[in-house]
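Asks: What follows is a structure written as structure tokens; I'll ask about it next.
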Amino acid sequence: MAIGISGWATGLPRVPYTEITFLFTSSAALVGELRGVEARCACGRVVSVEEWIDYTSRGPVQAFAFDPLEPKLYLVGPGSGEIRCVYYSLLGPLGEWTLYRHDRPVTDLAARAEGGRSAIYFSSVDPGLGKGEVYRLLPGGDAQPEATISFDPAVDWWDGFFAFDPSGALYLSSGGRLPGRLYRVEDGRPLEVARIPARRIGGFLFLGPWVVLYSDLTGGVWKLDLRRGEPVPVYSSRGRFRISDVGLYPDWWEELSRGW
């Protein structure tokens with residue numbers, strides 16, 4: 001995977017990347033797939049897109065996360081509280097198994113390395129009540145709330161999508177409600193840091209301290225520099241998919257996948 005960053009030339013808006021590789025899933029697909037995309041840009045526009053299927057699930061997939069240290073993939077379906085896990089062997093992915101069942105629907109997943117170990121997080125929220133939690137999975141098969149977020153649904157909106165920036169700060173997106181907004185969580189409440197009037201912001205991730213890759217919950221993937229506030233198109237499925245989540249390949253992927 002290569003991510004190149006270019007600047008903005010005088011008088012000519014250039015797409016602020018030269019090449020980017022990522023994965024996405026569509027929550028509306030009856031057969032859940034993780035699709036890989038490599039987009040190349042030049043002269044201010046996308047000039048080529050390669051697309052492939054990396055994994056086919058046993059059911060629909062709304063959100064996914066790769067374990068940063070172990071060859072594992074975590075999945076959750078729309079409206080489901082079942083977090084599924086896939087182990088990747090030298091021969092490829094093995095069968096899915098249930099890692100954890102939550103008593104309420106799980107919206108999103110995240111995984112990151114903390115102190116040399118993998119930490120797996122998930123969200124569950126009731127937007128109408130203005131309250132939700134981000135949980136951390138524990139080694140014994142339980143989960144504990146890591147953050148409780150309260151908000152006024154008449155002012156802000158969160159239906160479960162979240163991510164951590166490189167420093168570990170927790171961010172939320174407004175999901176299915178317009179305008180699209182990103183929030184940083186401070187003292188258990190969302191603080192708006194970006195607003196996209198005409199597009200939603202669903203699943204997202206940080207490419208760097210200020211740069212976000214996000215799905216618009218239709219067929220598009222966008223790149224947003226929080227310092228500039230203007231989204232840049234990266235990929236469009238032309239209506240084939242309702243893209244709900246995006247992700248990057250983990251460090252272990254390249255070496256392990258050579259034998260598949």
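A note on labels: chains of the structure tokens are A, B, ... as shown, every chain counts residues from 1, and ligands are counted from 1 in their shown order.
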Name the residues in contact with Pro71 (chain A) at a cut-off of 7 Å, using only C-alpha atoms, excluding same-chain residues fewer than 6 positions from it; report them as a PyMOL selection string.
Replies: chain A and resi 87-88+252
Asks: Env of Arg240 (chain A): 10 Å cut, atoms = only C-alpha atoms, seq-sep filter 6 positions within chain, self excluded. Answer as an MDAnalysis selection string.
Replies: chainID A and resid 26 28:29 218:219
Asks: Using C-alpha atoms, can you write the selected residues to a file as a short mmCIF file (atom, residue, chain, number, x, y, z; two decimals), in the first residue's frame?
Replies:
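Result saved to selection02.cif:
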```cif
data_model
loop_
_atom_site.label_atom_id
_atom_site.label_comp_id
_atom_site.auth_asym_id
_atom_site.auth_seq_id
_atom_site.Cartn_x
_atom_site.Cartn_y
_atom_site.Cartn_z
CA SER A 26 -21.53 -2.30 1.53
CA ALA A 28 -26.88 -3.24 1.57
CA ALA A 29 -25.26 -6.22 -0.17
CA THR A 218 -24.15 5.93 -0.79
CA GLY A 219 -21.56 4.91 -3.37
#
```
Asks: Give the strand (DSSP E or B) residues of region 108-144 of chain A, as assigned by DSSP on the backbone, as a PyMOL selection string.
Replies: chain A and resi 109-114+117-126+131-137+143-144
Asks: Keeping only C-alpha atoms, write the selected residues to a file as a short mmCIF file (atom, residue, chain, number, x, y, z; two decimals), in the first residue's frame.
Replies:
```cif
data_model
loop_
_atom_site.label_atom_id
_atom_site.label_comp_id
_atom_site.auth_asym_id
_atom_site.auth_seq_id
_atom_site.Cartn_x
_atom_site.Cartn_y
_atom_site.Cartn_z
CA LEU A 109 -15.68 -1.72 15.00
CA ALA A 110 -12.12 -0.49 15.51
CA ALA A 111 -8.86 -2.24 16.33
CA ARG A 112 -5.51 -0.78 17.31
CA ALA A 113 -2.28 -1.73 19.06
CA GLU A 114 -1.91 -0.64 22.67
CA ARG A 117 -1.28 -5.90 22.35
CA SER A 118 -4.35 -5.68 20.16
CA ALA A 119 -7.34 -3.74 21.47
CA ILE A 120 -10.74 -4.35 19.85
CA TYR A 121 -13.53 -1.78 20.21
CA PHE A 122 -17.17 -1.63 19.17
CA SER A 123 -20.04 0.85 19.48
CA SER A 124 -23.67 0.55 20.47
CA VAL A 125 -25.96 3.58 20.56
CA ASP A 126 -29.58 4.69 20.76
CA LYS A 131 -26.70 8.22 24.42
CA GLY A 132 -24.24 5.57 23.29
CA GLU A 133 -21.14 3.69 24.31
CA VAL A 134 -17.84 2.59 22.85
CA TYR A 135 -16.85 -0.74 24.39
CA ARG A 136 -13.59 -2.60 24.58
CA LEU A 137 -13.51 -6.38 24.28
CA ALA A 143 -16.78 -6.20 27.18
CA GLN A 144 -16.45 -3.05 29.23
#
```
Asks: Using only C-alpha atoms, which residues sit within 12 Å of Tyr214 (chain A) once same-chain residues fewer than 6 positions away are excluded, as number ranges by chain?
Replies: A: 22-25, 161-163, 172-175, 180-182, 196, 199-207, 220-225, 231-235, 243-248
Asks: When you draw a straight line from CA of Gly115 (chain A) to CA of Leu213 (chain A), how long is it in Å?
Replies: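 Between CA of Gly115 (chain A) and CA of Leu213 (chain A) the gap is 25.6 Å.
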Asks: Can you work out which one of A:Gly32, A:Leu69, A:Arg58, A:Asp159 has the shortest atom-to-atom distance to Tyr249 (chain A), counting only C-alpha atoms?
Replies: A:Leu69
Asks: Which residues are near Leu99 (chain A)? Cut-off 6 Å, only C-alpha atoms, ignore same chain within fewer than 6 positions. Put them as a list of chain:residue names.
Replies: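 The residues that qualify are A:Ile83, A:Arg84, A:Cys85.
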Asks: Would you mind exporting the chosen residues as a short mmCIF file (atom, residue, chain, number, x, y, z; two decimals), in the first residue's frame, restricted to C-alpha atoms?
Replies:
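And here is the file that came out, again29.cif:
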```cif
data_model
loop_
_atom_site.label_atom_id
_atom_site.label_comp_id
_atom_site.auth_asym_id
_atom_site.auth_seq_id
_atom_site.Cartn_x
_atom_site.Cartn_y
_atom_site.Cartn_z
CA ILE A 83 -19.14 -9.75 16.22
CA ARG A 84 -17.61 -12.36 13.91
CA CYS A 85 -13.93 -13.20 13.51
#
```
Asks: My list of candidates is A:Val31, A:Ile149, A:Val106, A:Ala154. Which is closest to Gly128 (chain A) when distances are computed with only C-alpha atoms?
Replies: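 Distance minimum relative to Gly128 (chain A) lands on A:Ala154.
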Asks: Might you pull out every residue within 12 Å of Thr98 (chain A), with only C-alpha atoms counted and same-chain residues fewer than 3 positions away left off, and present them as an mmCIF file with C-alpha atoms, in the first residue's frame?
Replies:
```
data_model
loop_
_atom_site.group_PDB
_atom_site.id
_atom_site.type_symbol
_atom_site.label_atom_id
_atom_site.label_comp_id
_atom_site.auth_asym_id
_atom_site.auth_seq_id
_atom_site.Cartn_x
_atom_site.Cartn_y
_atom_site.Cartn_z
ATOM 1 C CA ARG A 58 -21.355 -15.624 5.160
ATOM 2 C CA LEU A 73 -10.517 -9.831 10.607
ATOM 3 C CA TYR A 74 -13.515 -8.686 12.658
ATOM 4 C CA LEU A 75 -16.973 -8.184 11.116
ATOM 5 C CA VAL A 76 -20.456 -7.110 12.154
ATOM 6 C CA GLY A 77 -23.656 -7.160 10.114
ATOM 7 C CA SER A 80 -26.646 -7.358 14.553
ATOM 8 C CA GLY A 81 -24.993 -7.679 17.950
ATOM 9 C CA GLU A 82 -22.804 -10.578 16.785
ATOM 10 C CA ILE A 83 -19.137 -9.748 16.217
ATOM 11 C CA ARG A 84 -17.606 -12.358 13.912
ATOM 12 C CA CYS A 85 -13.933 -13.203 13.514
ATOM 13 C CA VAL A 86 -11.964 -14.656 10.614
ATOM 14 C CA TYR A 87 -8.462 -16.080 11.026
ATOM 15 C CA GLY A 95 -14.253 -20.048 8.450
ATOM 16 C CA ARG A 101 -22.531 -11.294 21.189
ATOM 17 C CA HIS A 102 -23.790 -7.971 22.462
ATOM 18 C CA GLY A 141 -14.970 -12.808 26.333
#
```
